[in-house]
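Pasting model_0.txt here (compact mmCIF, C-alpha atoms):
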```txt
# COMPACT_ATOMS: atom_id res chain seq x y z
CA MET A 1 -29.06 -304.75 -10.89
CA SER A 2 -31.90 -306.52 -9.18
CA GLU A 3 -35.40 -306.90 -10.53
CA GLN A 4 -36.75 -304.67 -7.75
CA HIS A 5 -34.44 -301.80 -8.75
CA LEU A 6 -35.47 -302.21 -12.36
CA LEU A 7 -39.17 -302.00 -11.48
CA ILE A 8 -38.60 -298.91 -9.34
CA GLY A 9 -36.66 -297.30 -12.19
CA ILE A 10 -39.41 -298.08 -14.71
CA GLY A 11 -42.04 -296.69 -12.32
CA LEU A 12 -40.10 -293.45 -11.79
CA PHE A 13 -39.57 -293.13 -15.54
CA LEU A 14 -43.30 -293.51 -16.21
CA ILE A 15 -44.15 -290.92 -13.55
CA GLY A 16 -41.65 -288.53 -15.17
CA VAL A 17 -43.11 -289.10 -18.64
CA TYR A 18 -46.61 -288.45 -17.28
CA ALA A 19 -45.49 -285.23 -15.57
CA VAL A 20 -43.77 -283.93 -18.71
CA ALA A 21 -46.83 -284.85 -20.81
CA GLN A 22 -49.07 -282.85 -18.46
CA VAL A 23 -46.81 -279.80 -18.71
CA VAL A 24 -46.76 -280.04 -22.51
CA ARG A 25 -50.50 -280.66 -22.73
CA TYR A 26 -51.61 -277.99 -20.24
CA PRO A 27 -48.79 -275.42 -19.94
CA ARG A 28 -50.97 -272.56 -18.68
CA GLN A 29 -52.69 -274.65 -16.00
CA MET A 30 -49.39 -276.14 -14.85
CA ALA A 31 -47.76 -272.70 -14.68
CA TRP A 32 -50.74 -271.44 -12.64
CA LYS A 33 -50.43 -274.39 -10.23
CA LEU A 34 -46.71 -273.71 -9.85
CA VAL A 35 -47.29 -270.02 -9.10
CA LYS A 36 -50.13 -270.81 -6.69
CA SER A 37 -47.99 -273.40 -4.90
CA ALA A 38 -45.08 -270.97 -4.63
CA VAL A 39 -47.31 -268.23 -3.18
CA LEU A 40 -48.84 -270.62 -0.63
CA GLY A 41 -45.36 -271.85 0.24
CA CYS A 42 -44.19 -268.28 0.77
CA LEU A 43 -47.11 -267.67 3.10
CA PHE A 44 -46.37 -270.87 5.04
CA VAL A 45 -42.68 -269.97 5.40
CA LEU A 46 -43.55 -266.42 6.44
CA ALA A 47 -45.99 -267.76 9.04
CA VAL A 48 -43.33 -270.10 10.44
CA ASN A 49 -40.82 -267.25 10.57
CA TRP A 50 -43.36 -264.94 12.24
CA ILE A 51 -44.25 -267.50 14.92
CA GLY A 52 -40.66 -268.71 15.11
CA GLY A 53 -39.51 -265.17 15.87
CA TYR A 54 -40.82 -265.66 19.39
CA PHE A 55 -38.56 -268.72 19.75
CA HIS A 56 -35.54 -267.39 17.81
CA PHE A 57 -36.24 -269.80 14.94
CA HIS A 58 -35.96 -268.85 11.27
CA LEU A 59 -36.40 -270.75 8.02
CA PRO A 60 -34.49 -269.41 5.03
CA PHE A 61 -36.77 -267.69 2.55
CA ASN A 62 -35.81 -268.85 -0.95
CA PRO A 63 -37.44 -270.54 -3.96
CA VAL A 64 -36.58 -274.04 -2.74
CA THR A 65 -38.26 -273.62 0.64
CA ALA A 66 -41.25 -271.84 -0.90
CA LEU A 67 -41.83 -274.54 -3.53
CA THR A 68 -41.27 -277.33 -1.01
CA ALA A 69 -43.81 -275.79 1.33
CA GLY A 70 -46.17 -275.06 -1.55
CA PHE A 71 -46.09 -278.52 -3.10
CA LEU A 72 -46.15 -280.49 0.13
CA GLY A 73 -48.24 -278.11 2.25
CA ILE A 74 -48.14 -278.47 6.03
CA PRO A 75 -46.11 -281.74 5.89
CA GLY A 76 -43.56 -279.93 3.72
CA VAL A 77 -43.27 -277.10 6.23
CA ALA A 78 -42.89 -279.66 9.02
CA ALA A 79 -40.16 -281.41 7.01
CA LEU A 80 -38.34 -278.09 6.50
CA ILE A 81 -38.53 -277.37 10.24
CA VAL A 82 -37.24 -280.85 11.13
CA MET A 83 -34.41 -280.57 8.60
CA LYS A 84 -33.44 -277.14 9.93
CA LEU A 85 -33.43 -278.37 13.53
CA TRP A 86 -31.57 -281.54 12.59
CA LEU A 87 -28.89 -279.79 10.53
CA VAL A 88 -28.34 -277.00 13.07
CA SER A 89 -28.13 -279.32 16.07
CA GLY A 90 -26.14 -281.98 14.20
```
Can the structure in the file be given as structure tokens, please?
Amino acid sequence: MSEQHLLIGIGLFLIGVYAVAQVVRYPRQMAWKLVKSAVLGCLFVLAVNWIGGYFHFHLPFNPVTALTAGFLGIPGVAALIVMKLWLVSG
């Protein structure tokens, strides 16, 4: 394993430890952020499906798409649209 891979692994490990520490330290705030992100993601996906209905385009409505859209916002919705178009046309 190269030194670069080792540094990337250590960095990802530290980010994971930090994320777990935040959840343990502030469980209520983290749960609220998760719920808020999921609701916003649902609204984004519903908006895409509403507008996409005019173009016969539909994103699946499930927890993964809602959380992706919620956490990443507009870029997440754009990524979901690109992935859907890429997988359907591929």
Set the distance at 9 Å and use all atoms listed in the file: which residues neighbour A:Ser37 once local chain neighbours fewer than 3 positions away are removed? I'd like the list as a PyMOL selection string. chain A and resi 32-34+40-42+66-73
Using all atoms listed in the file, pick whichever of A:Trp50, A:Phe13, A:Phe44, A:Phe55 has the shortest atom-to-atom distance to A:Gly76.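 Distance minimum relative to A:Gly76 lands on A:Phe44.
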Polymer residues at most 9 Å from stretch 78-86 of chain A, only C-alpha atoms, same-chain spacing of 3 or more positions, as a ChimeraX atom specification: /A:48,58-59,65,68-69,73-75,89-90
Working from the structure I just supplied, which lacks atoms in stretch 19-44 of chain A, can you model N, CA and C atoms there and output them as a short mmCIF file (atom, residue, chain, number, x, y, z; two decimals), keeping the file's coordinate frame?
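What landed in selection_33.cif:
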```
data_model
loop_
_atom_site.label_atom_id
_atom_site.label_comp_id
_atom_site.auth_asym_id
_atom_site.auth_seq_id
_atom_site.Cartn_x
_atom_site.Cartn_y
_atom_site.Cartn_z
N ALA A 19 -45.61 -286.62 -16.01
CA ALA A 19 -45.49 -285.23 -15.57
C ALA A 19 -45.11 -284.32 -16.74
N VAL A 20 -44.18 -284.74 -17.56
CA VAL A 20 -43.77 -283.93 -18.71
C VAL A 20 -44.94 -283.81 -19.69
N ALA A 21 -45.68 -284.89 -19.91
CA ALA A 21 -46.83 -284.85 -20.81
C ALA A 21 -47.88 -283.86 -20.31
N GLN A 22 -48.10 -283.79 -19.01
CA GLN A 22 -49.07 -282.85 -18.46
C GLN A 22 -48.62 -281.41 -18.67
N VAL A 23 -47.33 -281.16 -18.51
CA VAL A 23 -46.81 -279.80 -18.71
C VAL A 23 -46.94 -279.41 -20.18
N VAL A 24 -46.65 -280.34 -21.08
CA VAL A 24 -46.76 -280.04 -22.51
C VAL A 24 -48.22 -279.87 -22.91
N ARG A 25 -49.08 -280.68 -22.35
CA ARG A 25 -50.50 -280.66 -22.73
C ARG A 25 -51.23 -279.44 -22.15
N TYR A 26 -50.93 -279.09 -20.92
CA TYR A 26 -51.61 -277.99 -20.24
C TYR A 26 -50.60 -277.00 -19.66
N PRO A 27 -49.85 -276.28 -20.50
CA PRO A 27 -48.79 -275.42 -19.94
C PRO A 27 -49.32 -274.28 -19.07
N ARG A 28 -50.44 -273.68 -19.46
CA ARG A 28 -50.97 -272.56 -18.68
C ARG A 28 -51.46 -273.01 -17.31
N GLN A 29 -52.18 -274.15 -17.28
CA GLN A 29 -52.69 -274.65 -16.00
C GLN A 29 -51.54 -275.08 -15.09
N MET A 30 -50.52 -275.70 -15.66
CA MET A 30 -49.39 -276.14 -14.85
C MET A 30 -48.60 -274.94 -14.32
N ALA A 31 -48.45 -273.91 -15.15
CA ALA A 31 -47.76 -272.70 -14.68
C ALA A 31 -48.56 -272.05 -13.55
N TRP A 32 -49.90 -272.01 -13.69
CA TRP A 32 -50.74 -271.44 -12.64
C TRP A 32 -50.60 -272.23 -11.35
N LYS A 33 -50.59 -273.57 -11.43
CA LYS A 33 -50.43 -274.39 -10.23
C LYS A 33 -49.08 -274.13 -9.58
N LEU A 34 -48.04 -273.97 -10.39
CA LEU A 34 -46.71 -273.71 -9.85
C LEU A 34 -46.68 -272.37 -9.12
N VAL A 35 -47.27 -271.35 -9.73
CA VAL A 35 -47.29 -270.02 -9.10
C VAL A 35 -48.12 -270.06 -7.82
N LYS A 36 -49.28 -270.72 -7.87
CA LYS A 36 -50.13 -270.81 -6.69
C LYS A 36 -49.42 -271.56 -5.57
N SER A 37 -48.73 -272.64 -5.90
CA SER A 37 -47.99 -273.40 -4.90
C SER A 37 -46.87 -272.56 -4.29
N ALA A 38 -46.18 -271.80 -5.13
CA ALA A 38 -45.08 -270.97 -4.63
C ALA A 38 -45.61 -269.89 -3.68
N VAL A 39 -46.74 -269.28 -4.04
CA VAL A 39 -47.31 -268.23 -3.18
C VAL A 39 -47.75 -268.83 -1.85
N LEU A 40 -48.44 -269.98 -1.88
CA LEU A 40 -48.84 -270.62 -0.63
C LEU A 40 -47.62 -271.01 0.19
N GLY A 41 -46.59 -271.50 -0.47
CA GLY A 41 -45.36 -271.85 0.24
C GLY A 41 -44.73 -270.64 0.89
N CYS A 42 -44.72 -269.51 0.18
CA CYS A 42 -44.19 -268.28 0.77
C CYS A 42 -44.97 -267.89 2.01
N LEU A 43 -46.29 -268.01 1.94
CA LEU A 43 -47.11 -267.67 3.10
C LEU A 43 -46.84 -268.61 4.27
N PHE A 44 -46.68 -269.91 3.98
CA PHE A 44 -46.37 -270.87 5.04
C PHE A 44 -45.02 -270.55 5.69
#
```
